[in-house]
>>> print(open('model.tsv').read())   # TSV, C-alpha atoms and all ligand atoms
chain	number	residue	atom	x	y	z
A	52	MET	CA	0.19	5.41	-1.15
A	53	PHE	CA	-0.49	1.64	-1.35
A	54	LYS	CA	-0.21	-0.33	-4.58
A	55	LYS	CA	-3.29	-1.87	-6.20
A	56	LEU	CA	-5.90	-0.53	-3.75
A	57	SER	CA	-7.52	1.90	-6.17
A	58	GLY	CA	-10.71	0.47	-7.70
A	59	LYS	CA	-11.25	-2.10	-4.96
A	60	THR	CA	-14.51	-2.22	-3.00
A	61	ALA	CA	-15.03	-2.17	0.76
A	62	ILE	CA	-17.92	-2.45	3.19
A	63	ILE	CA	-17.36	-0.77	6.54
A	64	THR	CA	-20.12	-1.62	9.00
A	65	GLY	CA	-21.30	1.20	11.24
A	66	SER	CA	-19.53	3.91	9.24
A	67	SER	CA	-21.85	6.90	9.53
A	68	TYR	CA	-19.79	8.29	12.43
A	69	GLY	CA	-16.95	7.50	14.84
A	70	ILE	CA	-14.09	5.18	13.89
A	71	GLY	CA	-16.07	3.63	11.02
A	72	LYS	CA	-16.48	7.01	9.34
A	73	SER	CA	-12.72	7.65	9.48
A	74	ILE	CA	-11.96	4.19	8.10
A	75	ALA	CA	-14.37	4.81	5.22
A	76	LYS	CA	-12.84	8.22	4.44
A	77	VAL	CA	-9.26	6.94	4.58
A	78	LEU	CA	-10.04	3.93	2.35
A	79	ALA	CA	-11.98	6.15	-0.08
A	80	GLY	CA	-8.97	8.49	-0.18
A	81	GLU	CA	-6.99	5.56	-1.64
A	82	GLY	CA	-9.51	5.16	-4.47
A	83	ILE	CA	-11.49	2.34	-2.82
A	84	LYS	CA	-15.25	2.36	-3.45
A	85	VAL	CA	-16.88	2.27	-0.03
A	86	VAL	CA	-20.25	1.21	1.34
A	87	ILE	CA	-21.29	3.42	4.25
A	88	ASN	CA	-23.40	1.10	6.39
A	89	TYR	CA	-25.70	2.50	9.07
A	90	SER	CA	-28.56	1.15	11.11
A	91	LYS	CA	-30.28	4.34	12.30
A	92	SER	CA	-28.40	7.54	11.42
A	93	GLU	CA	-29.28	7.96	7.76
A	94	ASP	CA	-28.59	11.71	7.74
A	95	LYS	CA	-25.06	11.14	8.99
A	96	ALA	CA	-24.45	8.35	6.45
A	97	VAL	CA	-25.62	10.60	3.60
A	98	GLN	CA	-23.30	13.33	4.92
A	99	VAL	CA	-20.30	10.93	4.90
A	100	VAL	CA	-21.11	9.95	1.31
A	101	ALA	CA	-21.26	13.64	0.34
A	102	GLU	CA	-17.90	14.34	2.02
A	103	ILE	CA	-16.30	11.42	0.16
A	104	GLU	CA	-17.78	12.43	-3.17
A	105	ASN	CA	-16.64	16.04	-2.67
A	106	GLU	CA	-13.13	14.72	-2.24
A	107	GLY	CA	-13.41	12.76	-5.52
A	108	GLY	CA	-14.20	9.35	-4.02
A	109	LYS	CA	-17.02	6.87	-4.56
A	110	ALA	CA	-19.43	5.86	-1.79
A	111	ILE	CA	-23.01	4.72	-1.24
A	112	PRO	CA	-25.08	4.64	1.96
A	113	VAL	CA	-26.71	1.28	2.79
A	114	LYS	CA	-29.03	0.75	5.75
A	115	ALA	CA	-28.67	-2.57	7.58
A	116	ASP	CA	-28.74	-3.57	11.22
A	117	VAL	CA	-25.81	-6.01	11.38
A	118	SER	CA	-27.56	-8.03	14.10
A	119	ASP	CA	-30.15	-9.09	11.51
A	120	SER	CA	-28.88	-11.74	9.09
A	121	ILE	CA	-31.46	-10.90	6.43
A	122	GLU	CA	-30.46	-7.22	6.44
A	123	VAL	CA	-26.79	-8.26	6.23
A	124	GLY	CA	-27.59	-10.37	3.17
A	125	LYS	CA	-29.19	-7.32	1.53
A	126	LEU	CA	-26.20	-5.16	2.48
A	127	ILE	CA	-23.80	-7.49	0.66
A	128	ASP	CA	-26.15	-7.85	-2.34
A	129	THR	CA	-26.42	-4.07	-2.67
A	130	CYS	CA	-22.65	-3.72	-2.64
A	131	LEU	CA	-22.28	-6.35	-5.37
A	132	LYS	CA	-25.05	-4.80	-7.45
A	133	GLU	CA	-23.85	-1.19	-7.13
A	134	PHE	CA	-20.09	-1.70	-7.19
A	135	GLY	CA	-19.76	-5.04	-9.00
A	136	GLY	CA	-17.59	-6.76	-6.40
A	137	LEU	CA	-16.34	-6.89	-2.83
A	138	ASP	CA	-12.71	-7.07	-1.73
A	139	ILE	CA	-12.56	-5.69	1.80
A	140	LEU	CA	-14.87	-6.14	4.79
A	141	VAL	CA	-14.36	-4.08	7.95
A	142	ASN	CA	-16.50	-5.31	10.85
A	143	ASN	CA	-16.58	-2.08	12.84
A	144	ALA	CA	-20.17	-1.78	14.13
A	145	GLY	CA	-20.31	-2.18	17.87
A	146	ILE	CA	-22.10	-1.14	21.02
A	147	LEU	CA	-20.60	-0.40	24.43
A	148	PRO	CA	-22.63	-1.77	27.34
A	149	PHE	CA	-22.38	-0.79	31.00
A	150	GLY	CA	-23.38	-2.46	34.23
A	151	SER	CA	-22.26	-5.25	36.49
A	152	ILE	CA	-22.79	-8.95	35.81
A	153	GLU	CA	-25.81	-8.86	38.13
A	154	ASP	CA	-27.39	-6.05	36.09
A	155	ILE	CA	-27.24	-7.71	32.69
A	156	THR	CA	-30.67	-8.82	31.53
A	157	ASP	CA	-31.13	-11.62	29.02
A	158	GLU	CA	-32.27	-9.08	26.42
A	159	TYR	CA	-29.25	-6.80	26.93
A	160	LEU	CA	-26.77	-9.69	26.79
A	161	ASP	CA	-28.44	-10.92	23.64
A	162	ARG	CA	-28.28	-7.45	22.05
A	163	VAL	CA	-24.57	-6.98	22.82
A	164	PHE	CA	-23.60	-10.35	21.34
A	165	ARG	CA	-25.99	-9.92	18.41
A	166	VAL	CA	-24.37	-6.63	17.35
A	167	ASN	CA	-20.73	-7.15	18.40
A	168	VAL	CA	-20.34	-10.85	17.54
A	169	TYR	CA	-23.23	-12.18	15.43
A	170	GLY	CA	-23.00	-9.08	13.21
A	171	ALA	CA	-19.42	-9.96	12.28
A	172	PHE	CA	-20.31	-13.65	11.84
A	173	TYR	CA	-23.21	-12.78	9.53
A	174	CYS	CA	-21.05	-10.43	7.43
A	175	CYS	CA	-18.20	-12.96	7.21
A	176	ARG	CA	-20.61	-15.77	6.30
A	177	GLU	CA	-21.88	-13.71	3.37
A	178	VAL	CA	-18.55	-12.42	2.06
A	179	VAL	CA	-16.36	-15.52	2.43
A	180	PRO	CA	-17.88	-17.43	-0.53
A	181	ILE	CA	-17.34	-14.34	-2.72
A	182	MET	CA	-13.75	-13.91	-1.54
A	183	LYS	CA	-12.99	-17.64	-1.85
A	184	LYS	CA	-14.23	-17.65	-5.43
A	185	GLN	CA	-12.05	-14.68	-6.39
A	186	LYS	CA	-9.15	-16.02	-4.28
A	187	TYR	CA	-8.73	-12.60	-2.73
A	188	GLY	CA	-10.08	-10.79	0.28
A	189	LYS	CA	-9.28	-8.76	3.37
A	190	ILE	CA	-11.37	-9.03	6.52
A	191	ILE	CA	-10.57	-6.65	9.35
A	192	ASN	CA	-12.42	-6.87	12.64
A	193	ILE	CA	-12.46	-3.96	15.07
A	194	SER	CA	-11.96	-5.63	18.42
A	195	SER	CA	-10.84	-3.86	21.60
A	196	ILE	CA	-8.21	-3.89	24.28
A	197	SER	CA	-11.10	-5.13	26.49
A	198	GLY	CA	-11.16	-8.32	24.44
A	199	GLN	CA	-7.57	-9.05	25.47
A	200	ARG	CA	-7.32	-8.06	29.11
A	201	GLY	CA	-10.91	-7.47	30.24
A	202	ASP	CA	-12.06	-4.16	31.63
A	203	ASN	CA	-13.57	-2.96	34.90
A	204	THR	CA	-15.46	0.10	33.61
A	205	THR	CA	-17.68	-1.44	30.94
A	206	ALA	CA	-20.07	-4.37	31.31
A	207	PRO	CA	-18.28	-7.75	31.34
A	208	CYS	CA	-20.16	-8.77	28.21
A	209	TYR	CA	-18.31	-6.06	26.20
A	210	GLY	CA	-14.85	-7.55	26.68
A	211	SER	CA	-16.30	-11.04	26.24
A	212	SER	CA	-17.87	-10.07	22.93
A	213	LYS	CA	-14.63	-8.50	21.72
A	214	GLY	CA	-12.65	-11.55	22.86
A	215	ALA	CA	-14.97	-13.67	20.72
A	216	LEU	CA	-14.25	-11.39	17.77
A	217	SER	CA	-10.50	-11.76	18.27
A	218	VAL	CA	-10.73	-15.57	18.30
A	219	LEU	CA	-13.03	-15.51	15.26
A	220	THR	CA	-10.25	-13.53	13.56
A	221	LYS	CA	-7.65	-16.20	14.30
A	222	SER	CA	-9.91	-19.13	13.34
A	223	LEU	CA	-10.88	-17.55	10.03
A	224	ALA	CA	-7.27	-16.58	9.32
A	225	ARG	CA	-6.24	-20.23	9.69
A	226	GLN	CA	-9.10	-21.51	7.53
A	227	LEU	CA	-9.03	-18.85	4.81
A	228	GLY	CA	-5.30	-18.24	4.33
A	229	PRO	CA	-5.11	-20.90	1.58
A	230	TYR	CA	-7.77	-18.98	-0.37
A	231	GLY	CA	-5.82	-15.71	-0.47
A	232	ILE	CA	-7.95	-14.15	2.27
A	233	ASN	CA	-6.27	-12.26	5.09
A	234	VAL	CA	-8.16	-11.89	8.36
A	235	ASN	CA	-6.87	-9.56	11.04
A	236	ALA	CA	-8.20	-7.47	13.89
A	237	VAL	CA	-7.38	-4.04	15.24
A	238	ALA	CA	-7.70	-3.57	18.99
A	239	PRO	CA	-8.08	0.12	19.84
A	240	HIS	CA	-8.03	1.78	23.24
A	241	ALA	CA	-9.01	5.31	24.29
A	242	ILE	CA	-10.07	6.60	20.89
A	243	ILE	CA	-12.13	9.75	21.15
A	244	THR	CA	-15.46	9.11	19.37
A	245	PRO	CA	-19.16	9.46	20.27
A	246	MET	CA	-18.79	6.08	22.06
A	247	MET	CA	-16.42	7.73	24.55
A	248	GLU	CA	-18.53	10.83	25.22
A	249	TYR	CA	-19.17	9.58	28.74
A	250	TRP	CA	-15.51	10.23	29.62
A	251	ASP	CA	-15.25	13.50	31.59
A	252	GLU	CA	-12.17	15.77	31.65
A	253	GLU	CA	-10.73	14.02	34.71
A	254	LYS	CA	-11.05	10.56	33.12
A	255	ARG	CA	-9.47	11.82	29.88
A	256	ASN	CA	-6.49	13.35	31.70
A	257	LYS	CA	-5.99	10.28	33.87
A	258	THR	CA	-6.13	8.05	30.80
A	259	LYS	CA	-3.59	10.23	28.95
A	260	GLU	CA	-1.19	9.86	31.86
A	261	SER	CA	-1.51	6.06	31.67
A	262	ILE	CA	-0.59	5.96	27.97
A	263	PRO	CA	3.13	5.97	27.08
A	264	VAL	CA	2.66	8.41	24.15
A	265	ARG	CA	0.70	10.72	26.50
A	266	ARG	CA	-2.31	11.42	24.33
A	267	LEU	CA	-5.70	9.94	23.54
A	268	GLY	CA	-6.22	8.18	20.22
A	269	THR	CA	-8.07	9.50	17.18
A	270	PRO	CA	-10.29	7.61	14.73
A	271	GLU	CA	-7.59	8.31	12.13
A	272	ASP	CA	-5.06	6.33	14.23
A	273	VAL	CA	-7.31	3.28	13.86
A	274	ALA	CA	-8.06	3.97	10.19
A	275	ALA	CA	-4.34	4.03	9.34
A	276	ALA	CA	-3.90	0.52	10.77
A	277	VAL	CA	-6.95	-0.72	8.87
A	278	LEU	CA	-5.66	0.77	5.62
A	279	PHE	CA	-2.35	-1.04	6.04
A	280	LEU	CA	-4.09	-4.36	6.77
A	281	ALA	CA	-6.33	-3.85	3.72
A	282	SER	CA	-3.30	-3.41	1.48
A	283	ASP	CA	-1.35	-6.08	-0.36
A	284	GLU	CA	1.75	-4.79	1.41
A	285	ALA	CA	0.27	-6.59	4.47
A	286	SER	CA	-0.44	-9.86	2.64
A	287	PHE	CA	1.98	-11.84	4.86
A	288	ILE	CA	0.11	-10.68	7.96
A	289	THR	CA	-2.92	-12.71	9.03
A	290	GLY	CA	-4.55	-13.80	12.27
A	291	GLN	CA	-3.05	-10.84	14.12
A	292	ILE	CA	-4.60	-8.50	16.64
A	293	ILE	CA	-2.92	-5.15	16.00
A	294	ASN	CA	-2.95	-2.90	19.06
A	295	VAL	CA	-3.68	0.78	18.49
A	296	ASN	CA	-3.36	2.01	22.04
A	297	GLY	CA	-0.40	4.37	22.38
A	298	GLY	CA	1.56	1.62	24.10
A	299	PHE	CA	-0.91	1.16	26.96
A	300	LEU	CA	-0.93	-2.61	26.48
A	301	MET	CA	2.04	-4.41	24.97
A	302	ASP	CA	2.90	-8.04	24.17
A	303	SER	CA	-0.69	-9.27	24.26
A	401	LIG	N1	-13.61	4.38	20.86
A	401	LIG	C1	-12.79	3.52	21.43
A	401	LIG	O1	-11.94	3.88	22.26
A	401	LIG	C2	-12.86	2.06	21.11
A	401	LIG	C3	-11.98	1.21	21.80
A	401	LIG	C4	-12.02	-0.14	21.51
A	401	LIG	C5	-12.87	-0.64	20.53
A	401	LIG	N2	-13.72	0.21	19.88
A	401	LIG	C6	-14.58	-0.38	18.86
A	401	LIG	O2	-14.51	0.35	17.66
A	401	LIG	C7	-15.75	0.25	16.95
A	401	LIG	C8	-16.24	1.65	16.62
A	401	LIG	O3	-16.41	2.34	17.85
A	401	LIG	P1	-16.61	3.92	17.96
A	401	LIG	O4	-15.81	4.38	19.11
A	401	LIG	O5	-16.49	4.57	16.65
A	401	LIG	O6	-18.14	3.89	18.45
A	401	LIG	P2	-19.39	4.77	18.02
A	401	LIG	O7	-20.47	4.46	19.00
A	401	LIG	O8	-18.95	6.17	17.85
A	401	LIG	O9	-19.74	4.12	16.61
A	401	LIG	C9	-20.29	2.82	16.52
A	401	LIG	C10	-20.82	2.64	15.12
A	401	LIG	O10	-21.50	1.38	15.05
A	401	LIG	C11	-22.79	1.59	14.49
A	401	LIG	N3	-23.72	0.56	14.93
A	401	LIG	C12	-24.11	0.27	16.20
A	401	LIG	N4	-24.99	-0.75	16.19
A	401	LIG	C13	-25.16	-1.10	14.88
A	401	LIG	C14	-25.94	-2.09	14.23
A	401	LIG	N5	-26.73	-2.90	14.92
A	401	LIG	N6	-25.85	-2.19	12.88
A	401	LIG	C15	-25.06	-1.36	12.15
A	401	LIG	N7	-24.30	-0.40	12.74
A	401	LIG	C16	-24.36	-0.27	14.08
A	401	LIG	C17	-23.19	2.99	14.96
A	401	LIG	O11	-24.22	3.52	14.18
A	401	LIG	C18	-21.85	3.70	14.76
A	401	LIG	O12	-21.69	4.09	13.41
A	401	LIG	C19	-16.71	-0.51	17.87
A	401	LIG	O13	-16.75	-1.87	17.46
A	401	LIG	C20	-16.06	-0.37	19.23
A	401	LIG	O14	-16.41	-1.44	20.09
A	401	LIG	C21	-13.74	1.55	20.15
>>> encode(input="model.tsv", output="structure tokens")
Amino acid sequence: MFKKLSGKTAIITGSSYGIGKSIAKVLAGEGIKVVINYSKSEDKAVQVVAEIENEGGKAIPVKADVSDSIEVGKLIDTCLKEFGGLDILVNNAGILPFGSIEDITDEYLDRVFRVNVYGAFYCCREVVPIMKKQKYGKIINISSISGQRGDNTTAPCYGSSKGALSVLTKSLARQLGPYGINVNAVAPHAIITPMMEYWDEEKRNKTKESIPVRRLGTPEDVAAAVLFLASDEASFITGQIINVNGGFLMDS
């Protein structure tokens, strides 16, 4: 579908299930070699690799907790060693915390920022020198609607962490544009994945009613936006936060 994507290489963090899995499958479907990163669910990562290979694609599973900079270094090294390059980084791994500001312990706050923010920083820090050298790269951060307007159902540190990711996107886009590197974010809302399992039927129906297109989102809705941003057809787009939310939030 998109020119020149076949043969490129991508790392998608947290891609053994949920949105990350869909992104990996959609990119692999375009002939991109994909690294399926996971921190705990090895069986699921191996299953994603098998699905991709059965469909004629190329994928490898690589274990790394993105909140650990040493493991991130190994993740990038493995990609370079196994696939011989790296063109696309999708910072998708994330955790969804709950609780009020009074409930957040130091450890929990640290964990949320370590995974949702530091993880993306660590991955970007490793891949930017590679992308600068080759004068080509696409970085796509999976932010959230909560990073734009806040949220009253999740813990306040979730939206704050995603807001940090959105501003990281804009700063890197400004600094890396001259090197042929595009940096964008996708901000989803109401995508049905394991992360949203806590939504009961009533919450799902109420949410649908609040969305102009009157349905909940799918991981494939997010993956389609990522694929476009990873393509050279989107090379004049950088520093943008692309909403994938059925029209729930506009003009942010
Ligand atoms: N589902 C939604 O409606 C929604 C809305 C806005 C933003 N998002 C964001 O989209 C991304 C994917 O969310 P999802 O709904 O698929 O969630 P999910 O919980 O289904 O998947 C999260 C993924 O991140 C991985 N992960 C978690 N901690 C990790 C770590 N330390 N190292 C490596 N991988 C780790 C998990 O293993 C999993 O593969 C997240 O960043 C999330 O914040 C989701």
>>> closest_residue(input="model.tsv", among="A:Ile62, A:Ile196, A:Arg266, A:Arg165", to="Glu177 in chain A", atoms="all atoms listed in the file")
A:Ile62
>>> axis_aligned_box(input="model.tsv", around="range 251-269 of chain A", padding_each_side="3 Å", output="JSON")
{"center_x": -6.1, "center_y": 10.9, "center_z": 25.9, "size_x": 24.4, "size_y": 15.8, "size_z": 23.5}
>>> residues_near_point(input="model.tsv", point="(-15.4, 9.6, 1.6)", cutoff="9 Å", atoms="all atoms listed in the file", output="number ranges by chain")
A: 72-73, 75-80, 84-85, 87, 99-110
>>> closest_residue(input="model.tsv", among="A:Asn88, A:Ala206, A:Ala144, A:Ile70", to="Thr129 in chain A", atoms="only C-alpha atoms")
A:Asn88
>>> closest_atom_pairs(input="model.tsv", of="chain A", to="ligand LIG 401 (chain A)", cutoff="8 Å", atoms="only C-alpha atoms and all ligand atoms", output="CSV")
residue,atom,partner,partner_atom,distance
A:Thr64,CA,A:LIG401,N7,5.7
A:Gly65,CA,A:LIG401,C11,3.6
A:Ser66,CA,A:LIG401,O12,4.7
A:Ser67,CA,A:LIG401,O12,4.8
A:Tyr68,CA,A:LIG401,O12,4.7
A:Gly69,CA,A:LIG401,O5,3.5
A:Ile70,CA,A:LIG401,O5,3.7
A:Gly71,CA,A:LIG401,O5,5.7
A:Lys72,CA,A:LIG401,O12,7.2
A:Asn88,CA,A:LIG401,C15,6.5
A:Tyr89,CA,A:LIG401,N7,4.9
A:Ser90,CA,A:LIG401,C15,4.4
A:Lys91,CA,A:LIG401,O11,6.4
A:Ser92,CA,A:LIG401,O11,6.4
A:Lys114,CA,A:LIG401,C15,7.8
A:Ala115,CA,A:LIG401,C15,5.9
A:Asp116,CA,A:LIG401,N6,3.6
A:Val117,CA,A:LIG401,N6,4.1
A:Ser118,CA,A:LIG401,N5,5.3
A:Asp119,CA,A:LIG401,N5,7.9
A:Asn142,CA,A:LIG401,O13,7.5
A:Asn143,CA,A:LIG401,O13,4.6
A:Ala144,CA,A:LIG401,O10,3.5
A:Gly145,CA,A:LIG401,O13,3.6
A:Ile146,CA,A:LIG401,C12,5.4
A:Leu147,CA,A:LIG401,O14,6.1
A:Arg165,CA,A:LIG401,N5,7.9
A:Val166,CA,A:LIG401,N5,5.0
A:Asn167,CA,A:LIG401,O13,6.7
A:Gly170,CA,A:LIG401,N5,7.4
A:Ile193,CA,A:LIG401,O13,5.3
A:Ser194,CA,A:LIG401,C5,5.5
A:Ser195,CA,A:LIG401,C4,3.9
A:Ile196,CA,A:LIG401,C4,6.0
A:Ser197,CA,A:LIG401,C4,7.1
A:Tyr209,CA,A:LIG401,O14,7.9
A:Lys213,CA,A:LIG401,O14,7.5
A:Ala238,CA,A:LIG401,C4,6.1
A:Pro239,CA,A:LIG401,C4,4.3
A:His240,CA,A:LIG401,C3,4.2
A:Ala241,CA,A:LIG401,O1,3.8
A:Ile242,CA,A:LIG401,O1,3.6
A:Ile243,CA,A:LIG401,N1,5.6
A:Thr244,CA,A:LIG401,O4,4.8
A:Pro245,CA,A:LIG401,O8,4.1
A:Met246,CA,A:LIG401,O7,3.8
A:Met247,CA,A:LIG401,N1,5.7
A:Gly268,CA,A:LIG401,O1,7.4
A:Pro270,CA,A:LIG401,O5,7.2
>>> write_last_selection(input="model.tsv", atoms="C-alpha atoms", output="short mmCIF file (atom, residue, chain, number, x, y, z; two decimals), keeping the file's coordinate frame")
data_model
loop_
_atom_site.label_atom_id
_atom_site.label_comp_id
_atom_site.auth_asym_id
_atom_site.auth_seq_id
_atom_site.Cartn_x
_atom_site.Cartn_y
_atom_site.Cartn_z
CA THR A 64 -20.12 -1.62 9.00
CA GLY A 65 -21.30 1.20 11.24
CA SER A 66 -19.53 3.91 9.24
CA SER A 67 -21.85 6.90 9.53
CA TYR A 68 -19.79 8.29 12.43
CA GLY A 69 -16.95 7.50 14.84
CA ILE A 70 -14.09 5.18 13.89
CA GLY A 71 -16.07 3.63 11.02
CA LYS A 72 -16.48 7.01 9.34
CA ASN A 88 -23.40 1.10 6.39
CA TYR A 89 -25.70 2.50 9.07
CA SER A 90 -28.56 1.15 11.11
CA LYS A 91 -30.28 4.34 12.30
CA SER A 92 -28.40 7.54 11.42
CA LYS A 114 -29.03 0.75 5.75
CA ALA A 115 -28.67 -2.57 7.58
CA ASP A 116 -28.74 -3.57 11.22
CA VAL A 117 -25.81 -6.01 11.38
CA SER A 118 -27.56 -8.03 14.10
CA ASP A 119 -30.15 -9.09 11.51
CA ASN A 142 -16.50 -5.31 10.85
CA ASN A 143 -16.58 -2.08 12.84
CA ALA A 144 -20.17 -1.78 14.13
CA GLY A 145 -20.31 -2.18 17.87
CA ILE A 146 -22.10 -1.14 21.02
CA LEU A 147 -20.60 -0.40 24.43
CA ARG A 165 -25.99 -9.92 18.41
CA VAL A 166 -24.37 -6.63 17.35
CA ASN A 167 -20.73 -7.15 18.40
CA GLY A 170 -23.00 -9.08 13.21
CA ILE A 193 -12.46 -3.96 15.07
CA SER A 194 -11.96 -5.63 18.42
CA SER A 195 -10.84 -3.86 21.60
CA ILE A 196 -8.21 -3.89 24.28
CA SER A 197 -11.10 -5.13 26.49
CA TYR A 209 -18.31 -6.06 26.20
CA LYS A 213 -14.63 -8.50 21.72
CA ALA A 238 -7.70 -3.57 18.99
CA PRO A 239 -8.08 0.12 19.84
CA HIS A 240 -8.03 1.78 23.24
CA ALA A 241 -9.01 5.31 24.29
CA ILE A 242 -10.07 6.60 20.89
CA ILE A 243 -12.13 9.75 21.15
CA THR A 244 -15.46 9.11 19.37
CA PRO A 245 -19.16 9.46 20.27
CA MET A 246 -18.79 6.08 22.06
CA MET A 247 -16.42 7.73 24.55
CA GLY A 268 -6.22 8.18 20.22
CA PRO A 270 -10.29 7.61 14.73
#
>>> atom_distance(input="model.tsv", atom1="CA of Ser120 in chain A", atom2="CA of Ala276 in chain A")
27.9 Å
>>> closest_residue(input="model.tsv", among="A:Cys130, A:Ile155, A:Ile293, A:Ile262", to="Ala275 in chain A", atoms="all atoms listed in the file")
A:Ile293
>>> closest_residue(input="model.tsv", among="A:Gly58, A:Gly136, A:Pro207, A:Gly231", to="Asp154 in chain A", atoms="only C-alpha atoms")
A:Pro207
>>> residues_near_point(input="model.tsv", point="(-6.0, -17.1, 1.8)", cutoff="10 Å", atoms="all atoms listed in the file", output="count of residues only")
20
